[in-house]
Structures are given as C-alpha cells and as structure tokens.
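Structure data follow from my_file22.txt (compact mmCIF, C-alpha atoms):
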```txt
# COMPACT_ATOMS: atom_id res chain seq x y z
CA MET A 1 12.27 16.99 35.60
CA GLU A 2 9.99 15.66 32.85
CA ARG A 3 11.73 13.81 30.03
CA ILE A 4 10.61 12.73 26.58
CA LYS A 5 11.66 9.12 26.33
CA THR A 6 12.96 7.78 23.06
CA GLY A 7 11.74 4.34 24.15
CA ILE A 8 15.01 2.89 22.84
CA SER A 9 16.36 0.66 25.53
CA GLY A 10 19.81 1.83 26.59
CA LEU A 11 19.57 5.22 24.90
CA ASP A 12 17.23 6.71 27.51
CA GLU A 13 19.68 5.58 30.22
CA MET A 14 22.51 7.30 28.33
CA LEU A 15 20.34 10.44 28.19
CA ALA A 16 19.61 10.27 31.93
CA GLY A 17 15.94 9.54 31.20
CA GLY A 18 15.40 10.98 27.72
CA PHE A 19 15.27 14.31 25.89
CA PHE A 20 13.87 17.45 27.46
CA PRO A 21 10.39 18.49 26.29
CA ARG A 22 10.44 21.04 23.43
CA SER A 23 14.09 20.33 22.77
CA ALA A 24 15.97 19.99 19.48
CA ASN A 25 18.19 16.94 19.28
CA LEU A 26 20.80 16.40 16.61
CA VAL A 27 21.67 12.87 15.43
CA GLU A 28 24.70 12.86 13.14
CA GLY A 29 26.22 9.99 11.22
CA ALA A 30 27.46 8.64 7.92
CA PRO A 31 25.05 7.04 5.42
CA GLY A 32 23.65 3.77 6.74
CA THR A 33 24.60 4.31 10.38
CA GLY A 34 20.93 4.39 11.41
CA LYS A 35 20.02 8.07 11.81
CA THR A 36 16.65 7.74 10.11
CA THR A 37 15.92 4.45 11.89
CA LEU A 38 16.63 6.09 15.25
CA GLY A 39 14.34 8.98 14.30
CA MET A 40 11.55 6.69 13.06
CA GLN A 41 11.83 4.62 16.26
CA PHE A 42 11.50 7.81 18.33
CA ILE A 43 8.31 8.63 16.41
CA TYR A 44 6.97 5.04 16.54
CA ASN A 45 7.61 4.68 20.29
CA GLY A 46 6.01 8.07 20.89
CA ILE A 47 2.79 6.86 19.26
CA VAL A 48 2.73 3.31 20.63
CA LYS A 49 4.33 3.60 24.08
CA TYR A 50 3.64 7.17 25.15
CA GLY A 51 0.48 8.21 23.26
CA GLU A 52 2.27 11.10 21.53
CA PRO A 53 1.41 11.61 17.83
CA GLY A 54 4.31 12.51 15.56
CA ILE A 55 5.30 14.15 12.31
CA ILE A 56 8.09 13.29 9.90
CA ILE A 57 9.37 15.93 7.50
CA THR A 58 11.44 14.57 4.68
CA PHE A 59 13.28 16.69 2.14
CA GLU A 60 14.51 14.00 -0.20
CA GLN A 61 13.34 10.48 0.58
CA PHE A 62 9.77 9.82 -0.57
CA PRO A 63 7.20 9.11 2.18
CA GLU A 64 6.42 5.76 0.56
CA GLN A 65 10.02 4.75 1.35
CA TYR A 66 9.41 5.51 5.04
CA TYR A 67 6.25 3.36 4.99
CA ARG A 68 8.26 0.53 3.44
CA ASP A 69 11.28 0.90 5.76
CA ALA A 70 9.06 1.14 8.83
CA ALA A 71 7.13 -1.97 7.75
CA HIS A 72 10.47 -3.83 7.77
CA PHE A 73 10.51 -3.31 11.56
CA GLY A 74 6.82 -4.16 11.89
CA TRP A 75 5.82 -0.50 12.29
CA ASP A 76 2.66 0.24 10.31
CA PHE A 77 3.11 3.93 9.49
CA LYS A 78 0.34 3.83 6.87
CA LYS A 79 -2.15 2.74 9.52
CA PHE A 80 -0.93 5.45 11.92
CA GLU A 81 -1.53 8.03 9.17
CA GLU A 82 -5.06 6.75 8.62
CA GLU A 83 -5.66 6.99 12.39
CA GLY A 84 -4.36 10.57 12.48
CA LEU A 85 -1.40 9.68 14.70
CA LEU A 86 1.32 10.36 12.13
CA LYS A 87 1.94 12.53 9.11
CA VAL A 88 4.88 12.08 6.78
CA PHE A 89 5.36 15.38 4.95
CA MET A 90 7.49 15.67 1.87
CA THR A 91 8.57 19.22 1.24
CA SER A 92 11.64 21.38 0.70
CA PRO A 93 13.73 23.22 3.30
CA GLU A 94 12.64 26.55 1.75
CA VAL A 95 8.93 25.72 1.94
CA SER A 96 9.05 24.24 5.45
CA ARG A 97 11.01 27.22 6.77
CA LEU A 98 8.65 29.76 5.22
CA ASP A 99 5.60 27.71 6.20
CA LEU A 100 6.68 27.64 9.86
CA GLU A 101 7.27 31.39 9.83
CA ASN A 102 3.66 31.89 8.68
CA ILE A 103 0.70 31.87 11.04
CA ASP A 104 -1.51 28.83 10.49
CA GLY A 105 0.85 27.15 8.04
CA ILE A 106 0.50 23.55 6.84
CA ILE A 107 2.78 22.14 9.56
CA GLU A 108 1.25 24.22 12.35
CA GLN A 109 -2.24 23.13 11.27
CA ALA A 110 -1.17 19.47 11.32
CA VAL A 111 0.40 19.83 14.77
CA GLU A 112 -2.82 21.33 16.13
CA GLU A 113 -5.15 18.84 14.42
CA MET A 114 -3.13 15.80 15.50
CA GLY A 115 -1.89 17.05 18.87
CA ALA A 116 1.60 16.14 17.67
CA LYS A 117 4.38 16.18 20.27
CA ARG A 118 7.31 14.73 18.33
CA ILE A 119 8.89 15.53 15.00
CA LEU A 120 11.65 14.04 12.89
CA ILE A 121 13.44 16.33 10.42
CA ASP A 122 15.26 14.16 7.90
CA SER A 123 17.64 15.73 7.27
CA ILE A 124 18.71 19.17 8.44
CA SER A 125 21.73 18.85 6.09
CA HIS A 126 19.46 20.02 3.26
CA PHE A 127 19.37 23.50 4.82
CA GLU A 128 22.99 23.86 3.73
CA ARG A 129 21.66 24.38 0.19
CA LEU A 130 19.92 27.58 1.27
CA THR A 131 23.08 29.60 1.79
CA LYS A 132 26.85 29.34 1.58
CA ASP A 133 27.33 31.78 4.45
CA PRO A 134 27.86 29.79 7.69
CA ASN A 135 26.56 32.62 9.87
CA GLU A 136 23.38 32.94 7.83
CA LEU A 137 22.95 29.16 7.89
CA ARG A 138 23.26 29.10 11.67
CA SER A 139 20.68 31.88 11.88
CA ILE A 140 18.25 30.02 9.56
CA GLU A 141 18.63 26.78 11.52
CA TYR A 142 18.26 28.60 14.83
CA ALA A 143 14.98 30.19 13.68
CA PHE A 144 13.72 26.85 12.29
CA ILE A 145 14.50 25.02 15.55
CA ASN A 146 12.82 27.73 17.59
CA SER A 147 9.68 27.53 15.45
CA LEU A 148 9.50 23.78 16.20
CA LYS A 149 9.86 24.54 19.93
CA ARG A 150 7.16 27.22 19.64
CA LEU A 151 4.79 24.51 18.40
CA GLY A 152 5.60 22.44 21.50
CA LEU A 153 7.50 19.78 19.56
CA THR A 154 10.45 17.70 20.69
CA SER A 155 12.52 17.14 17.60
CA ILE A 156 15.16 14.84 16.23
CA LEU A 157 17.16 16.46 13.45
CA THR A 158 19.32 14.10 11.46
CA ARG A 159 22.51 15.28 9.82
CA GLU A 160 24.70 13.48 7.33
CA SER A 161 28.42 13.33 7.90
CA ALA A 162 30.45 13.10 4.75
CA VAL A 163 33.00 10.47 5.72
CA LEU A 164 32.29 6.85 6.56
CA LEU A 165 34.85 6.30 9.32
CA GLY A 166 35.66 8.88 11.96
CA GLY A 167 35.53 12.39 10.56
CA GLU A 168 35.23 15.84 11.99
CA THR A 169 32.19 16.91 13.91
CA ASP A 170 30.35 20.19 13.59
CA THR A 171 32.46 23.17 12.67
CA TYR A 172 29.92 25.84 11.79
CA GLY A 173 27.62 25.91 14.75
CA LEU A 174 24.50 23.72 14.61
CA SER A 175 25.77 21.68 17.57
CA TYR A 176 25.80 24.88 19.63
CA VAL A 177 22.19 25.62 18.73
CA VAL A 178 20.70 22.20 19.54
CA ASP A 179 19.98 20.86 23.01
CA SER A 180 21.55 17.47 22.53
CA TYR A 181 24.04 15.98 20.10
CA ILE A 182 24.29 12.27 19.38
CA LEU A 183 27.00 10.86 17.13
CA LEU A 184 26.68 7.60 15.23
CA ARG A 185 29.89 6.17 13.84
CA TYR A 186 31.24 3.18 11.97
CA VAL A 187 34.13 1.54 13.80
CA GLU A 188 36.55 -0.90 12.21
CA MET A 189 37.97 -3.60 14.48
CA GLU A 190 39.63 -6.84 13.47
CA SER A 191 38.36 -6.66 9.87
CA ARG A 192 34.78 -6.06 10.94
CA ILE A 193 32.60 -2.97 10.95
CA TYR A 194 30.71 -2.14 14.14
CA LYS A 195 28.43 0.78 14.90
CA ALA A 196 29.08 3.13 17.81
CA LEU A 197 26.88 5.71 19.53
CA LEU A 198 28.02 8.57 21.73
CA VAL A 199 25.99 11.25 23.48
CA LEU A 200 28.29 14.21 22.98
CA LYS A 201 26.09 16.84 24.57
CA LEU A 202 22.88 17.10 26.60
CA ARG A 203 22.26 20.68 27.64
CA GLY A 204 21.22 21.09 31.27
CA SER A 205 21.79 17.51 32.30
CA ASP A 206 24.38 14.89 32.98
CA HIS A 207 24.61 12.08 30.44
CA ALA A 208 26.60 8.93 29.75
CA LYS A 209 30.10 9.62 28.46
CA ASP A 210 30.88 6.12 27.31
CA ILE A 211 30.81 4.98 23.69
CA ARG A 212 28.32 2.18 23.15
CA ARG A 213 28.06 -0.41 20.44
CA PHE A 214 24.66 -0.67 18.78
CA GLU A 215 22.96 -2.80 16.18
CA ILE A 216 19.96 -2.39 13.94
CA THR A 217 17.87 -5.50 14.50
CA ASP A 218 14.43 -6.41 13.13
CA GLN A 219 13.03 -4.52 16.15
CA GLY A 220 14.96 -1.33 15.41
CA ILE A 221 18.00 0.09 17.18
CA GLU A 222 19.39 -1.88 20.10
CA ILE A 223 22.06 -0.34 22.30
CA LEU A 224 24.66 -2.87 23.40
CA GLU A 225 27.72 -2.80 25.65
CA ARG A 226 30.42 -0.14 25.74
CA PHE A 227 33.64 -0.63 23.85
CA GLU A 228 36.12 -1.96 26.46
CA GLY A 229 39.89 -1.81 26.33
CA ARG A 230 40.04 0.34 23.18
CA GLU A 231 40.68 3.96 22.46
CA GLY A 232 40.24 6.15 19.42
CA ILE A 233 36.78 4.64 18.80
CA MET A 234 35.38 7.81 17.23
CA SER A 235 38.30 8.01 14.83
CA GLY A 236 36.83 4.90 13.23
CA SER A 237 40.04 2.88 13.71
CA PRO A 238 40.43 2.16 17.41
CA ARG A 239 43.52 0.64 18.96
CA ARG A 240 43.84 -1.58 21.97
CA MET A 241 44.82 0.37 25.05
CA ALA A 242 48.06 -1.63 25.36
CA GLU A 243 49.08 -0.72 21.79
CA SER A 244 48.54 2.95 22.39
CA PHE A 245 50.41 2.70 25.72
CA ILE A 246 53.40 1.15 23.94
CA GLU A 247 53.21 3.77 21.20
CA ALA A 248 53.03 6.61 23.68
CA PHE A 249 55.68 5.50 26.17
CA VAL A 250 57.76 2.49 25.15
CA ARG A 251 58.60 3.51 21.58
CA ARG A 252 59.71 6.99 22.55
CA MET B 1 -14.69 -0.85 -35.96
CA LYS B 2 -13.06 2.60 -35.86
CA VAL B 3 -10.51 3.44 -33.14
CA ASP B 4 -12.87 6.07 -31.62
CA GLU B 5 -15.72 3.59 -31.37
CA LEU B 6 -13.44 0.97 -29.84
CA THR B 7 -12.18 3.47 -27.28
CA SER B 8 -15.72 4.54 -26.38
CA GLN B 9 -16.78 0.94 -25.98
CA LEU B 10 -13.77 0.17 -23.78
CA MET B 11 -14.41 3.23 -21.60
CA GLU B 12 -18.06 2.33 -21.09
CA GLU B 13 -16.97 -0.80 -19.23
CA ILE B 14 -15.44 1.38 -16.49
CA GLU B 15 -17.45 2.25 -13.36
CA PRO B 16 -19.27 5.60 -13.88
CA ASP B 17 -17.49 7.50 -11.07
CA LEU B 18 -14.08 6.31 -12.23
CA LEU B 19 -14.97 7.10 -15.83
CA ASP B 20 -15.98 10.62 -14.85
CA PHE B 21 -12.73 11.02 -12.88
CA ILE B 22 -10.65 9.88 -15.86
CA ARG B 23 -12.56 12.07 -18.36
CA THR B 24 -12.40 15.22 -16.27
CA LYS B 25 -9.16 14.86 -14.27
CA VAL B 26 -6.76 12.47 -15.96
CA THR B 27 -6.43 14.35 -19.21
CA SER B 28 -2.67 14.02 -19.72
CA PHE B 29 0.19 11.68 -18.88
CA ILE B 30 1.79 14.35 -16.68
CA LYS B 31 -1.40 14.61 -14.62
CA TRP B 32 -1.46 10.82 -14.30
CA ASP B 33 2.16 10.85 -13.03
CA LEU B 34 1.39 13.60 -10.55
CA ILE B 35 -1.78 11.90 -9.31
CA ARG B 36 0.14 8.67 -8.78
CA PHE B 37 2.98 10.42 -6.95
CA LEU B 38 0.63 12.39 -4.70
CA CYS B 39 -1.48 9.34 -3.94
CA LYS B 40 1.60 7.38 -2.82
CA ASN B 41 2.98 10.42 -0.95
CA PRO B 42 -0.23 12.13 0.19
CA ASN B 43 1.29 14.75 2.51
CA THR B 44 3.61 16.25 -0.03
CA ALA B 45 3.51 20.05 -0.15
CA ASP B 46 6.03 21.49 -2.53
CA THR B 47 6.86 23.84 -5.38
CA ALA B 48 6.22 23.13 -9.08
CA GLU B 49 9.98 22.75 -9.63
CA ARG B 50 10.36 20.07 -6.98
CA LEU B 51 7.16 18.23 -7.99
CA ALA B 52 8.41 18.23 -11.58
CA ARG B 53 11.70 16.71 -10.42
CA PHE B 54 9.86 13.99 -8.45
CA ALA B 55 7.81 13.14 -11.53
CA GLY B 56 10.87 13.25 -13.80
CA ARG B 57 9.36 16.04 -15.93
CA SER B 58 10.30 19.59 -16.80
CA PRO B 59 8.96 22.38 -14.56
CA ASP B 60 7.67 24.26 -17.62
CA ALA B 61 5.54 21.28 -18.61
CA VAL B 62 4.33 20.59 -15.08
CA ARG B 63 3.39 24.13 -14.02
CA PRO B 64 0.27 24.54 -16.26
CA GLU B 65 -0.86 21.00 -15.40
CA LEU B 66 -0.66 21.80 -11.69
CA GLU B 67 -2.73 24.95 -12.22
CA GLU B 68 -5.40 22.95 -14.06
CA MET B 69 -5.41 20.35 -11.28
CA VAL B 70 -6.02 23.13 -8.76
CA GLN B 71 -8.96 24.43 -10.82
CA GLN B 72 -10.34 20.87 -11.02
CA GLY B 73 -10.21 20.54 -7.22
CA LEU B 74 -7.60 17.78 -7.26
CA LEU B 75 -4.93 19.96 -5.70
CA GLU B 76 -4.74 22.85 -3.29
CA VAL B 77 -2.34 25.72 -3.68
CA ARG B 78 -1.01 28.00 -0.97
CA ILE B 79 1.10 31.04 -1.65
CA ILE B 80 3.88 31.01 0.94
CA ALA B 81 6.10 34.10 0.79
CA GLY B 82 5.14 34.54 -2.87
CA ILE B 83 5.87 30.90 -3.80
CA PRO B 84 2.98 28.64 -4.93
CA VAL B 85 3.07 25.41 -2.89
CA TYR B 86 0.92 22.54 -4.18
CA SER B 87 -0.57 19.66 -2.21
CA LEU B 88 -3.26 17.05 -2.70
CA SER B 89 -6.78 18.23 -1.87
CA ARG B 90 -7.78 17.48 1.72
CA ASP B 91 -11.33 16.75 0.56
CA LYS B 92 -12.04 13.17 1.68
CA LYS B 93 -14.20 12.28 -1.36
CA MET B 94 -11.51 13.50 -3.73
CA ARG B 95 -8.80 11.56 -1.87
CA MET B 96 -10.94 8.40 -1.97
CA MET B 97 -11.44 8.86 -5.71
CA VAL B 98 -7.70 9.32 -6.25
CA GLU B 99 -7.00 6.14 -4.28
CA LYS B 100 -9.68 4.26 -6.21
CA PHE B 101 -8.14 5.37 -9.50
CA ILE B 102 -4.60 4.38 -8.48
CA LYS B 103 -5.86 1.04 -7.16
CA ALA B 104 -7.67 0.43 -10.47
CA CYS B 105 -4.41 1.21 -12.31
CA GLU B 106 -2.92 -1.99 -10.87
CA ASP B 107 -4.95 -3.77 -13.56
CA ARG B 108 -3.18 -3.74 -16.94
CA GLN B 109 -6.41 -3.66 -18.96
CA PHE B 110 -7.57 -0.61 -17.04
CA ARG B 111 -4.25 1.14 -17.67
CA VAL B 112 -4.56 0.43 -21.38
CA LYS B 113 -8.01 2.04 -21.39
CA VAL B 114 -6.68 5.13 -19.63
CA VAL B 115 -3.83 5.35 -22.14
CA TYR B 116 -6.37 5.20 -25.03
CA HIS B 117 -8.44 7.90 -23.37
CA ILE B 118 -5.47 10.23 -22.83
CA MET B 119 -4.17 9.76 -26.36
CA ARG B 120 -7.60 10.52 -27.80
CA ASN B 121 -7.89 13.55 -25.55
CA LEU B 122 -4.47 14.83 -26.60
CA ALA B 123 -5.33 14.29 -30.27
CA GLU B 124 -8.62 16.23 -29.85
CA THR B 125 -6.78 19.06 -28.11
CA LYS B 126 -4.25 19.18 -30.95
CA GLU B 127 -7.02 19.24 -33.59
CA GLY B 128 -8.84 21.95 -31.67
CA SER B 129 -5.80 24.19 -31.59
```
What is this structure when it is put down as structure tokens?
Amino acid sequence: MERIKTGISGLDEMLAGGFFPRSANLVEGAPGTGKTTLGMQFIYNGIVKYGEPGIIITFEQFPEQYYRDAAHFGWDFKKFEEEGLLKVFMTSPEVSRLDLENIDGIIEQAVEEMGAKRILIDSISHFERLTKDPNELRSIEYAFINSLKRLGLTSILTRESAVLLGGETDTYGLSYVVDSYILLRYVEMESRIYKALLVLKLRGSDHAKDIRRFEITDQGIEILERFEGREGIMSGSPRRMAESFIEAFVRR
Amino acid sequence: MKVDELTSQLMEEIEPDLLDFIRTKVTSFIKWDLIRFLCKNPNTADTAERLARFAGRSPDAVRPELEEMVQQGLLEVRIIAGIPVYSLSRDKKMRMMVEKFIKACEDRQFRVKVVYHIMRNLAETKEGS
C-alpha cells in the first residue's frame, strides 16, 4: 500500500514505511521536544525528496519565525514560498475552520494552486479555545481533520502536552479521531535529559512498539537507538530493569 | 527654513514610486506597523482583533485603518461566516511595492523621512477636522 514518507530516517521504519495518504497524524509533546521541527522536516522532505508541495498553518508563531528556524537547519522556506512550493499561513483556529468549511476558501485555493499534498497544523491545541465542551471539541476537530482529508492532504497536527516529564496522554478523544499518534517525551536518566519517541498508534498497519531515543541535530530530527534495559521511559523517570525487578519481587 | 519646506525637500529625494506609495498608503503609524507585519508574514489571513494583537495595538484603532487599506488596494477582505478576514493583496505589483518600502525602511534616514511625512499628515488631518 502507498505510504507518504516523512523522509526522517528511522521514523519511516517505525511507521512501517510512512503515513497513509490523506491521513491525519498527531504529534504530541512538551515544549521544546521537537514537534514543530518534526512537522517542518515532514514538509521540507516532501518538497525536496518527494516533489510534494506543502502548507504550514500556524495559529500563534509568526511565519517569519518558521523561516528563521528552518534556516537554522539549512532549509530555505522563503525560497520555497517564492517558488510556489510552500505557503506558511498565519491565521486563527476559528478562521481556518470556517474557511475550510467554505467552498473555494483561502486554504482550498492555495492547495489547488500549489498542488499541495502535505500540511502541518501547528498546533491543534489552539482549538481547545473554541469550546469548553469536550464532545463539541472532538466534533470540531473531527470536521477539521476531514476537511483536510477532503483536500487530499496528509497532515501532521502538533499538540502541546502540559507537563515536561511523563504526563497523561489524550483523555478527551483526539487520539481516537486521528490515524496515527506519535508521542515525544523528555526522559531523565543519570542526571541528563534525553528525548524519546514512541509510535503509539498507526491505524490499519503494524508499527514499531519500541521507544527510541532521538536528537535534534543541525540536519533536523535523527532517530537513534531504542532505550535498552530500562522501563518506565514514558513516565519521564525510567528505572533499570533490575531495580524494578527488585522492587517488584525482592522487597515484597 | 520652515518645517513644511524641509519635509517637502526631504520627501523629494525619495524615488517617485516609493514617494507615491508613502503619500497614498502609509498615512499613519498603525498602517506602517501593519504593512511591516504583513510583509514579513505575507500569508497571514486573520481578523481585525488578531491583527491588532500582532501589531500590539487596540482593535478599535486598527479596524478603520484596515478598512482604509482595503479601499487603497493594499489588503483584501473576505467575509467568512460573517467575520471580515484581512490579508495582503495578492496583486504582484502591490506586493513588490510593499517589499520595496520595507526594504527601504532598513535605512534610518528613510525612516526619519517617513516619520516626518506621517506626522505632517496626522497634523493636517487634525487641522481639517
């Protein structure tokens, strides 16, 4: 089956080849874990490696910050915009939602003009401002995601998690609506902070179940080896397997 | 030399197309802020309230300026579900002119001239009313 590759070495293997076309893919993590970098790399690789133009919709961060951050990795987003391969839209959740519901809206026009195939929504957390009712929120997000699919787009939706280490995952339903769910976490080990990535869900496909270490290098995200001999990685404070064995059996 | 004469002399040193752009489009500091923001973030499409927040101004002050900018062809407005959504004009000539103006603003002397022009314009508007 056709896959939309992220082009991030290691991540596509974890996703058994990549995302499905026209799928919505949630990337969740605490501030600084690399959600936006992962999303920008997905867009950049789409343009450079796979000939697929992309769109970024930002609700808070100014587009000029994306140009600057991308330039840090050697990705010339300004040039891509001039060449019609990328558009970085700044708008609000209300406007983007209503615009997508309309026929021939600003986003739809851009998708058609550019032949865009990929989109980064940074971040879907801003939709939480639209309503306090979790059921209504799920309905709004479901409709928004479907409108992206209707336009033929494969999307990455970033979502902020409130806590730095560990923390609870989705409780109100977005993870049920999306096609894949990737968690980025800080992990503390021996007085050092590492970053961990886990593919929690990939609808309709097998995927890697292991938790991988990753780094943000000057080339972007690089997936490294799995965490060996530890457990409780996603809690943020893992323990060695032997310690947990002793705790569970010997100290009883 | 009177202030008005000095200002006129300073403005005459500016390229004619830029001078026309300043005289007809950059008639207030709020407009200048909005032009700068939209030039740096050219695919912004948002409400008056949000644009005001980005520019650090009050929505009440920004709303009439946005309407004027639409009439002047600098901005486009779309009504989405009853909400006016503003974005920079897609007209290539207008976008080039906006970029030329913002590029020229990197020069301090040029900025000083624009400040003189806006202040004189604001004073004339005040006298007129």
Surrounding residues of region 97-110 of chain B excluding itself and chain neighbours under 4 positions, 8 Å, all atoms listed in the file, as a PyMOL selection string: chain B and resi 18+21+35-36+39+93+114
Proximity check chain A to chain B, 8 Å, nearest pairs one decimal Å, all atoms listed in the file, as a tab-separated table:
```
residue	atom	partner	partner_atom	distance
A:Phe62	CA	B:Asn41	CA	6.8
A:Pro63	CA	B:Asn41	CA	5.4
A:Glu64	CA	B:Asn41	CA	6.0
A:Lys87	CA	B:Asn43	CA	7.0
A:Val88	CA	B:Asn43	CA	6.2
A:Phe89	CA	B:Asn43	CA	4.8
A:Met90	CA	B:Thr44	CA	4.4
A:Thr91	CA	B:Asp46	CA	5.1
A:Ser92	CA	B:Asp46	CA	6.5
A:Val95	CA	B:Asp46	CA	6.8
A:Leu98	CA	B:Ile80	CA	6.5
A:Asp99	CA	B:Ile80	CA	6.4
A:Asn102	CA	B:Ile80	CA	7.8
```
Of the candidates B:Ala123, B:Arg57, B:His117, B:Glu13, which shows the shortest atom-to-atom distance to Val26 (chain B), using all atoms listed in the file? B:His117
Check the smallest atom-to-atom distance from each of A:His72, A:Lys5, A:Arg203, A:Arg212 to Gly46 (chain A) using all atoms listed in the file, then report the winner. A:Lys5
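In this model, the gap between CA of Asp210 (chain A) and CA of Glu28 (chain A) comes to 16.9 Å.
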Complete the atom set of region 12-25 of chain A to N, CA and C atoms and return it as a PDB file, in the coordinates of the input.
```pdb
ATOM      1  N   ASP A  12      17.808   5.837  26.477  1.00  0.00           N
ATOM      2  CA  ASP A  12      17.230   6.710  27.510  1.00  0.00           C
ATOM      3  C   ASP A  12      18.119   6.748  28.759  1.00  0.00           C
ATOM      4  N   GLU A  13      18.758   5.606  29.077  1.00  0.00           N
ATOM      5  CA  GLU A  13      19.680   5.580  30.220  1.00  0.00           C
ATOM      6  C   GLU A  13      20.876   6.496  29.934  1.00  0.00           C
ATOM      7  N   MET A  14      21.374   6.444  28.695  1.00  0.00           N
ATOM      8  CA  MET A  14      22.510   7.300  28.330  1.00  0.00           C
ATOM      9  C   MET A  14      22.127   8.778  28.405  1.00  0.00           C
ATOM     10  N   LEU A  15      20.827   9.050  28.168  1.00  0.00           N
ATOM     11  CA  LEU A  15      20.340  10.440  28.190  1.00  0.00           C
ATOM     12  C   LEU A  15      19.770  10.817  29.558  1.00  0.00           C
ATOM     13  N   ALA A  16      20.089  10.025  30.568  1.00  0.00           N
ATOM     14  CA  ALA A  16      19.610  10.270  31.930  1.00  0.00           C
ATOM     15  C   ALA A  16      18.081  10.375  31.983  1.00  0.00           C
ATOM     16  N   GLY A  17      17.415   9.580  31.167  1.00  0.00           N
ATOM     17  CA  GLY A  17      15.940   9.540  31.200  1.00  0.00           C
ATOM     18  C   GLY A  17      15.287   9.917  29.885  1.00  0.00           C
ATOM     19  N   GLY A  18      15.991  10.598  29.016  1.00  0.00           N
ATOM     20  CA  GLY A  18      15.400  10.980  27.720  1.00  0.00           C
ATOM     21  C   GLY A  18      15.714  12.428  27.379  1.00  0.00           C
ATOM     22  N   PHE A  19      15.083  12.905  26.300  1.00  0.00           N
ATOM     23  CA  PHE A  19      15.270  14.310  25.890  1.00  0.00           C
ATOM     24  C   PHE A  19      14.417  15.219  26.780  1.00  0.00           C
ATOM     25  N   PHE A  20      14.741  16.477  26.784  1.00  0.00           N
ATOM     26  CA  PHE A  20      13.870  17.450  27.460  1.00  0.00           C
ATOM     27  C   PHE A  20      12.689  17.786  26.539  1.00  0.00           C
ATOM     28  N   PRO A  21      11.511  18.071  27.139  1.00  0.00           N
ATOM     29  CA  PRO A  21      10.390  18.490  26.290  1.00  0.00           C
ATOM     30  C   PRO A  21      10.745  19.757  25.514  1.00  0.00           C
ATOM     31  N   ARG A  22      10.201  19.873  24.303  1.00  0.00           N
ATOM     32  CA  ARG A  22      10.440  21.040  23.430  1.00  0.00           C
ATOM     33  C   ARG A  22      11.919  21.260  23.145  1.00  0.00           C
ATOM     34  N   SER A  23      12.660  20.177  23.053  1.00  0.00           N
ATOM     35  CA  SER A  23      14.090  20.330  22.770  1.00  0.00           C
ATOM     36  C   SER A  23      14.392  19.903  21.337  1.00  0.00           C
ATOM     37  N   ALA A  24      15.516  20.376  20.819  1.00  0.00           N
ATOM     38  CA  ALA A  24      15.970  19.990  19.480  1.00  0.00           C
ATOM     39  C   ALA A  24      17.201  19.110  19.640  1.00  0.00           C
ATOM     40  N   ASN A  25      17.163  17.947  19.016  1.00  0.00           N
ATOM     41  CA  ASN A  25      18.190  16.940  19.280  1.00  0.00           C
ATOM     42  C   ASN A  25      18.806  16.471  17.959  1.00  0.00           C
TER      43      ASN A  25
END
```
